[in-house]
Amino acid sequence: MATYTNIQGQNILIVSSDPANPTEGQMWYNTTSNSLKGYAGVGAWATGGNMATARGYLAGAGTQTVAAAFGGSTDLPSGLPALANTEEYNGTAWTAGGNLGTARSLLAGAGTQTAALAAGGWVGADSNATEEYNGTSWTAGGNLGTARQSPTGTGTQTTGLAIGGYIASTSALTEEYDGTSWTAGGNLTTARNQSGAAGTQTTAAVFGGSNTPLTNATEEYDGTSWTAGGNLNTGRGGLAGAGLQTSALAFGGDAGPQKQTESYNGTSWITNGNLITGRRELAGAGTQASGLASGGFDSTPAVTAATEEFTGGNVTITLTTS
C-alpha cells in the first residue's frame, strides 16, 4: 500500500503552528492543537453578471465586488476597432462608466475601480497613452517612455508598473509610474507580452506570456530587478492575473483557450479549479481568494461577455477518523 512518503516524497511535518505557505497535498501534525492537518488548495469559479459589451483584449482593475473593465476590441486577431467604453462591477451586475479618452485594445490596467490606471495599447499603432480614472471619468496622465501594445499592468494608480509588451518584437521593458510620469525599471529576464501579473510596484510577479513559444516562466520584482520564481504548470499567453507576489492567481490563456487556474505561494504554482468558460485575452481583478474574470475570446473563437467569480484557494482542513 502506498504511504504518504511514497506519494509526496517527504515525511509528515511536526510543527507548533501551521505552515505559512503549504503546497497542495501537504500534511502536518500541529502540536499546539494536537491535530493532523492537510492543505487541499481547492477553489471554484461561479457565474457572475455578463458585461454589457462583449470584448477581448481589455484591461481590468479593482476587486471582485468593486471592479472596472475598460478598452478592448470585438475582433480577434486585429484588435480593431478599439473600444473606449468602461464598465463598473458591483459583485452582481455591470453598469456604464466614463469612456477612455483614447479608445484602445491590448492595454495594461492597474489600480481600483475609483482610482484605475490604463497604459499603452493598440490603436492601429502602438500607443504610449496613460489615463487615470476617478470612478467617473478618465484624464490624461504622463505618457509611457516607450509606446507598446500588450504590456501587463499591476500596482496602483500612483505606484503602477507596465511590464513587457510588444514593440516590433517581444519586449523585456519595465516602467514605473509615480502618478505623474513613467521611469525605466529593471528589464525582465524573459521578454514577453500578453502575460499575467500580480502585486505592487516593489513586490510584483509576472507569469506566462507569449515569447515564441509560450512561456511558463515566473519572475519576481523587488522594485529594482527581476529574479526567477517558480514556473507555471502550463505555459500560456493571453492569460489574466490577480493578487499579490506571494499569493497570486493565474487564469485563462492561449492553447485551448485554457480553463486552467493556478495559485502561487511565492515559490510554486498549484492547479486550482477550472474556469467555466475557457478564454484568452481576458481581464482579471481581485485577489487569490476572490478573483474576477471578465470578457475575452472563447474557444470558438468568439468574443464573450461572460464574467466569473473565484472563491477559495487556501483551504486547510483538519483530518479526523470515524
# chains A, B, ... in the order shown; residues from 1 in each chain; ligands from 1
>>> residues_around(residues="range 134-145 of chain A", least_positions_apart="6", cutoff="10 Å", atoms="only C-alpha atoms", output="ChimeraX atom specification")
/A:68,86,88,96-102,112-120,127-128,157,162,174-184
>>> write_last_selection(atoms="C-alpha atoms", output="PDB file, in the first residue's frame")
ATOM      1  CA  ALA A  68     -13.676  48.188 -13.552  1.00  0.00           C
ATOM      2  CA  THR A  86     -15.605  51.448 -19.316  1.00  0.00           C
ATOM      3  CA  GLU A  88     -18.087  49.005 -13.435  1.00  0.00           C
ATOM      4  CA  ALA A  96     -21.568  52.002 -17.735  1.00  0.00           C
ATOM      5  CA  GLY A  97     -18.704  54.204 -16.584  1.00  0.00           C
ATOM      6  CA  GLY A  98     -16.847  57.029 -18.302  1.00  0.00           C
ATOM      7  CA  ASN A  99     -15.184  56.404 -21.661  1.00  0.00           C
ATOM      8  CA  LEU A 100     -11.422  56.347 -22.114  1.00  0.00           C
ATOM      9  CA  GLY A 101     -10.084  59.453 -23.840  1.00  0.00           C
ATOM     10  CA  THR A 102      -8.181  57.197 -26.263  1.00  0.00           C
ATOM     11  CA  THR A 112      -9.027  50.174  -8.224  1.00  0.00           C
ATOM     12  CA  GLN A 113     -12.477  50.997  -9.588  1.00  0.00           C
ATOM     13  CA  THR A 114     -12.248  54.596  -8.351  1.00  0.00           C
ATOM     14  CA  ALA A 115      -8.510  55.023  -8.970  1.00  0.00           C
ATOM     15  CA  ALA A 116      -7.652  52.988 -12.078  1.00  0.00           C
ATOM     16  CA  LEU A 117      -4.710  53.254 -14.432  1.00  0.00           C
ATOM     17  CA  ALA A 118      -4.697  52.489 -18.179  1.00  0.00           C
ATOM     18  CA  ALA A 119      -1.425  52.451 -20.113  1.00  0.00           C
ATOM     19  CA  GLY A 120      -0.197  51.621 -23.601  1.00  0.00           C
ATOM     20  CA  SER A 127       0.255  53.658 -28.003  1.00  0.00           C
ATOM     21  CA  ASN A 128       2.127  55.404 -25.181  1.00  0.00           C
ATOM     22  CA  GLN A 157      -2.727  54.449  -9.940  1.00  0.00           C
ATOM     23  CA  ALA A 162       3.870  48.439 -17.074  1.00  0.00           C
ATOM     24  CA  THR A 174       9.550  47.578 -17.286  1.00  0.00           C
ATOM     25  CA  GLU A 175       8.360  51.094 -16.464  1.00  0.00           C
ATOM     26  CA  GLU A 176       7.299  52.526 -13.086  1.00  0.00           C
ATOM     27  CA  TYR A 177       4.610  55.202 -12.616  1.00  0.00           C
ATOM     28  CA  ASP A 178       4.526  57.708  -9.758  1.00  0.00           C
ATOM     29  CA  GLY A 179       1.137  59.246 -10.535  1.00  0.00           C
ATOM     30  CA  THR A 180       2.696  61.798 -12.880  1.00  0.00           C
ATOM     31  CA  SER A 181       5.407  60.241 -15.016  1.00  0.00           C
ATOM     32  CA  TRP A 182       6.971  56.928 -16.002  1.00  0.00           C
ATOM     33  CA  THR A 183      10.610  55.990 -15.382  1.00  0.00           C
ATOM     34  CA  ALA A 184      12.588  52.952 -16.508  1.00  0.00           C
TER      35      ALA A 184
END
>>> closest_atom_pairs(of="range 33-82 of chain A", to="range 259-283 of chain A", cutoff="10 Å", atoms="only C-alpha atoms", output="Markdown table")
| residue | atom | partner | partner_atom | distance |
| --- | --- | --- | --- | --- |
| A:Ala40 | CA | A:Asn272 | CA | 9.5 |
| A:Gly41 | CA | A:Asn272 | CA | 6.6 |
| A:Val42 | CA | A:Asn272 | CA | 5.3 |
| A:Gly43 | CA | A:Gly273 | CA | 5.4 |
| A:Ala44 | CA | A:Gly273 | CA | 5.3 |
| A:Trp45 | CA | A:Leu275 | CA | 5.8 |
| A:Ala46 | CA | A:Ile276 | CA | 7.5 |
| A:Thr47 | CA | A:Ile276 | CA | 7.8 |
| A:Arg55 | CA | A:Leu282 | CA | 8.3 |
| A:Gly56 | CA | A:Glu281 | CA | 5.4 |
| A:Tyr57 | CA | A:Glu281 | CA | 4.9 |
| A:Leu58 | CA | A:Ala283 | CA | 5.8 |
| A:Ala59 | CA | A:Ala283 | CA | 5.0 |
| A:Gly60 | CA | A:Ala283 | CA | 5.0 |
| A:Ala61 | CA | A:Ala283 | CA | 8.3 |
| A:Ala68 | CA | A:Ala283 | CA | 9.5 |
| A:Ala69 | CA | A:Ala283 | CA | 7.0 |
| A:Phe70 | CA | A:Ala283 | CA | 8.9 |
| A:Gly72 | CA | A:Glu281 | CA | 9.2 |
| A:Leu76 | CA | A:Glu281 | CA | 9.4 |
>>> closest_residue(among="A:Leu239, A:Ala217, A:Ala172, A:Val123", to="Phe297 in chain A", atoms="only C-alpha atoms")
A:Leu239
>>> residues_around(residues="Ala125 in chain A", least_positions_apart="3", cutoff="9 Å", atoms="only C-alpha atoms", output="ChimeraX atom specification")
/A:121-122,147-149
>>> residues_around(residues="Asp75 in chain A", least_positions_apart="2", cutoff="8 Å", atoms="only C-alpha atoms", output="ChimeraX atom specification")
/A:55-56,73,77-81,303
>>> closest_residue(among="A:Ser35, A:Gln64, A:Thr311, A:Thr95", to="Ala52 in chain A", atoms="only C-alpha atoms")
A:Thr95
>>> select_by_dssp(residues="range 23-272 of chain A", states="strand (DSSP E)", output="ChimeraX atom specification")
/A:27-30,35-39,43-47,59-62,67-70,86-89,94-96,108-112,115-119,130-133,138-140,152-155,160-163,166-167,169-170,174-177,182-184,196-199,204-207,218-221,226-228,240-244,247-251,260-264,269-272
>>> residues_around(residues="Asn187 in chain A", least_positions_apart="2", cutoff="10 Å", atoms="only C-alpha atoms", output="count of residues only")
16
>>> residues_around(residues="Gly199 in chain A", least_positions_apart="5", cutoff="12 Å", atoms="only C-alpha atoms", output="number ranges by chain")
A: 110-111, 152-156, 159-161, 204-207, 219-223, 241-249, 264, 266, 285-288
>>> residues_around(residues="Gly237 in chain A", least_positions_apart="3", cutoff="7 Å", atoms="only C-alpha atoms", output="list in words")
Gln194, Ser195, Gly208, Gly209, Ser210, Leu214, Gly253 and Asp254 of chain A
>>> write_last_selection(atoms="C-alpha atoms", output="mmCIF file, in the first residue's frame")
data_model
loop_
_atom_site.group_PDB
_atom_site.id
_atom_site.type_symbol
_atom_site.label_atom_id
_atom_site.label_comp_id
_atom_site.auth_asym_id
_atom_site.auth_seq_id
_atom_site.Cartn_x
_atom_site.Cartn_y
_atom_site.Cartn_z
ATOM 1 C CA GLN A 194 0.223 39.228 -23.041
ATOM 2 C CA SER A 195 1.380 37.880 -19.673
ATOM 3 C CA GLY A 208 3.360 33.303 -18.567
ATOM 4 C CA GLY A 209 3.100 35.257 -21.793
ATOM 5 C CA SER A 210 3.980 34.943 -25.440
ATOM 6 C CA LEU A 214 4.521 30.461 -24.974
ATOM 7 C CA GLY A 253 -4.967 31.996 -21.712
ATOM 8 C CA ASP A 254 -3.931 30.553 -25.066
#
>>> closest_residue(among="A:Ala293, A:Ala198, A:Ala103, A:Ala228", to="Ala305 in chain A", atoms="only C-alpha atoms")
A:Ala293
>>> decode(residues="range 7-132 of chain A", atoms="C-alpha atoms", output="mmCIF file, in the first residue's frame")
data_model
loop_
_atom_site.group_PDB
_atom_site.id
_atom_site.type_symbol
_atom_site.label_atom_id
_atom_site.label_comp_id
_atom_site.auth_asym_id
_atom_site.auth_seq_id
_atom_site.Cartn_x
_atom_site.Cartn_y
_atom_site.Cartn_z
ATOM 1 C CA ILE A 7 3.260 9.780 -2.703
ATOM 2 C CA GLN A 8 4.706 13.106 -1.559
ATOM 3 C CA GLY A 9 8.384 12.239 -1.218
ATOM 4 C CA GLN A 10 8.570 13.639 2.295
ATOM 5 C CA ASN A 11 7.612 12.850 5.860
ATOM 6 C CA ILE A 12 4.724 14.462 7.716
ATOM 7 C CA LEU A 13 5.987 17.596 9.469
ATOM 8 C CA ILE A 14 5.589 18.032 13.216
ATOM 9 C CA VAL A 15 5.127 21.756 13.919
ATOM 10 C CA SER A 16 3.726 24.047 16.617
ATOM 11 C CA SER A 17 1.932 26.298 14.087
ATOM 12 C CA ASP A 18 0.504 25.735 10.611
ATOM 13 C CA PRO A 19 2.916 26.429 7.686
ATOM 14 C CA ALA A 20 2.541 29.888 6.120
ATOM 15 C CA ASN A 21 2.685 28.649 2.508
ATOM 16 C CA PRO A 22 1.729 24.967 2.295
ATOM 17 C CA THR A 23 1.560 23.157 -1.029
ATOM 18 C CA GLU A 24 -1.320 21.065 -2.339
ATOM 19 C CA GLY A 25 -1.388 17.640 -0.682
ATOM 20 C CA GLN A 26 0.953 18.644 2.146
ATOM 21 C CA MET A 27 0.177 17.267 5.610
ATOM 22 C CA TRP A 28 1.487 18.172 9.063
ATOM 23 C CA TYR A 29 0.834 17.482 12.731
ATOM 24 C CA ASN A 30 0.144 20.601 14.819
ATOM 25 C CA THR A 31 1.360 20.009 18.384
ATOM 26 C CA THR A 32 -0.468 23.091 19.683
ATOM 27 C CA SER A 33 -3.902 21.884 18.566
ATOM 28 C CA ASN A 34 -2.901 18.197 18.729
ATOM 29 C CA SER A 35 -4.368 17.646 15.271
ATOM 30 C CA LEU A 36 -3.357 16.233 11.903
ATOM 31 C CA LYS A 37 -3.938 18.755 9.132
ATOM 32 C CA GLY A 38 -3.689 18.925 5.343
ATOM 33 C CA TYR A 39 -3.822 21.524 2.579
ATOM 34 C CA ALA A 40 -6.487 20.940 -0.050
ATOM 35 C CA GLY A 41 -5.798 24.070 -2.081
ATOM 36 C CA VAL A 42 -9.061 23.891 -3.996
ATOM 37 C CA GLY A 43 -11.130 26.730 -5.413
ATOM 38 C CA ALA A 44 -14.070 27.149 -7.771
ATOM 39 C CA TRP A 45 -15.469 29.620 -10.291
ATOM 40 C CA ALA A 46 -19.119 30.714 -10.302
ATOM 41 C CA THR A 47 -21.065 32.670 -12.914
ATOM 42 C CA GLY A 48 -21.322 36.434 -12.392
ATOM 43 C CA GLY A 49 -23.225 39.099 -14.310
ATOM 44 C CA ASN A 50 -22.433 39.460 -18.003
ATOM 45 C CA MET A 51 -20.723 42.571 -19.312
ATOM 46 C CA ALA A 52 -22.897 44.897 -21.400
ATOM 47 C CA THR A 53 -20.301 44.822 -24.202
ATOM 48 C CA ALA A 54 -18.656 41.517 -25.091
ATOM 49 C CA ARG A 55 -14.956 42.083 -25.824
ATOM 50 C CA GLY A 56 -11.444 40.777 -25.559
ATOM 51 C CA TYR A 57 -8.038 42.496 -25.371
ATOM 52 C CA LEU A 58 -9.422 44.572 -22.465
ATOM 53 C CA ALA A 59 -7.938 45.539 -19.087
ATOM 54 C CA GLY A 60 -9.275 45.344 -15.543
ATOM 55 C CA ALA A 61 -8.799 46.867 -12.092
ATOM 56 C CA GLY A 62 -10.222 46.570 -8.583
ATOM 57 C CA THR A 63 -11.711 43.761 -6.524
ATOM 58 C CA GLN A 64 -14.266 41.028 -7.110
ATOM 59 C CA THR A 65 -17.129 43.237 -5.875
ATOM 60 C CA VAL A 66 -15.842 46.688 -6.877
ATOM 61 C CA ALA A 67 -14.179 46.328 -10.288
ATOM 62 C CA ALA A 68 -13.676 48.188 -13.552
ATOM 63 C CA ALA A 69 -13.071 46.868 -17.087
ATOM 64 C CA PHE A 70 -12.033 49.156 -19.932
ATOM 65 C CA GLY A 71 -10.902 49.261 -23.540
ATOM 66 C CA GLY A 72 -10.623 46.179 -25.737
ATOM 67 C CA SER A 73 -11.952 45.042 -29.094
ATOM 68 C CA THR A 74 -14.512 42.652 -30.523
ATOM 69 C CA ASP A 75 -12.118 41.349 -33.186
ATOM 70 C CA LEU A 76 -9.507 38.605 -32.898
ATOM 71 C CA PRO A 77 -6.742 38.912 -34.013
ATOM 72 C CA SER A 78 -6.700 42.512 -35.272
ATOM 73 C CA GLY A 79 -7.756 44.247 -32.046
ATOM 74 C CA LEU A 80 -9.567 46.830 -34.203
ATOM 75 C CA PRO A 81 -11.710 48.764 -34.000
ATOM 76 C CA ALA A 82 -10.587 49.561 -30.459
ATOM 77 C CA LEU A 83 -13.170 50.379 -27.790
ATOM 78 C CA ALA A 84 -13.244 53.284 -25.324
ATOM 79 C CA ASN A 85 -16.030 52.187 -23.022
ATOM 80 C CA THR A 86 -15.605 51.448 -19.316
ATOM 81 C CA GLU A 87 -17.859 49.235 -17.233
ATOM 82 C CA GLU A 88 -18.087 49.005 -13.435
ATOM 83 C CA TYR A 89 -18.969 45.839 -11.473
ATOM 84 C CA ASN A 90 -20.652 45.733 -8.061
ATOM 85 C CA GLY A 91 -20.409 41.996 -7.481
ATOM 86 C CA THR A 92 -23.665 41.339 -9.317
ATOM 87 C CA ALA A 93 -24.001 43.491 -12.423
ATOM 88 C CA TRP A 94 -22.019 45.778 -14.733
ATOM 89 C CA THR A 95 -23.002 49.400 -15.368
ATOM 90 C CA ALA A 96 -21.568 52.002 -17.735
ATOM 91 C CA GLY A 97 -18.704 54.204 -16.584
ATOM 92 C CA GLY A 98 -16.847 57.029 -18.302
ATOM 93 C CA ASN A 99 -15.184 56.404 -21.661
ATOM 94 C CA LEU A 100 -11.422 56.347 -22.114
ATOM 95 C CA GLY A 101 -10.084 59.453 -23.840
ATOM 96 C CA THR A 102 -8.181 57.197 -26.263
ATOM 97 C CA ALA A 103 -10.004 54.081 -27.477
ATOM 98 C CA ARG A 104 -7.579 51.143 -27.479
ATOM 99 C CA SER A 105 -7.136 47.420 -27.131
ATOM 100 C CA LEU A 106 -4.229 45.340 -25.791
ATOM 101 C CA LEU A 107 -3.670 47.813 -22.950
ATOM 102 C CA ALA A 108 -2.414 47.447 -19.372
ATOM 103 C CA GLY A 109 -4.616 48.074 -16.359
ATOM 104 C CA ALA A 110 -3.966 48.567 -12.636
ATOM 105 C CA GLY A 111 -5.456 50.119 -9.513
ATOM 106 C CA THR A 112 -9.027 50.174 -8.224
ATOM 107 C CA GLN A 113 -12.477 50.997 -9.588
ATOM 108 C CA THR A 114 -12.248 54.596 -8.351
ATOM 109 C CA ALA A 115 -8.510 55.023 -8.970
ATOM 110 C CA ALA A 116 -7.652 52.988 -12.078
ATOM 111 C CA LEU A 117 -4.710 53.254 -14.432
ATOM 112 C CA ALA A 118 -4.697 52.489 -18.179
ATOM 113 C CA ALA A 119 -1.425 52.451 -20.113
ATOM 114 C CA GLY A 120 -0.197 51.621 -23.601
ATOM 115 C CA GLY A 121 -2.169 49.549 -26.078
ATOM 116 C CA TRP A 122 -3.028 49.264 -29.759
ATOM 117 C CA VAL A 123 -4.845 51.919 -31.811
ATOM 118 C CA GLY A 124 -3.665 50.727 -35.208
ATOM 119 C CA ALA A 125 -0.212 51.686 -33.971
ATOM 120 C CA ASP A 126 1.499 51.190 -30.613
ATOM 121 C CA SER A 127 0.255 53.658 -28.003
ATOM 122 C CA ASN A 128 2.127 55.404 -25.181
ATOM 123 C CA ALA A 129 -1.024 56.995 -23.730
ATOM 124 C CA THR A 130 -1.700 56.820 -19.995
ATOM 125 C CA GLU A 131 -5.037 57.678 -18.414
ATOM 126 C CA GLU A 132 -6.274 57.854 -14.815
#
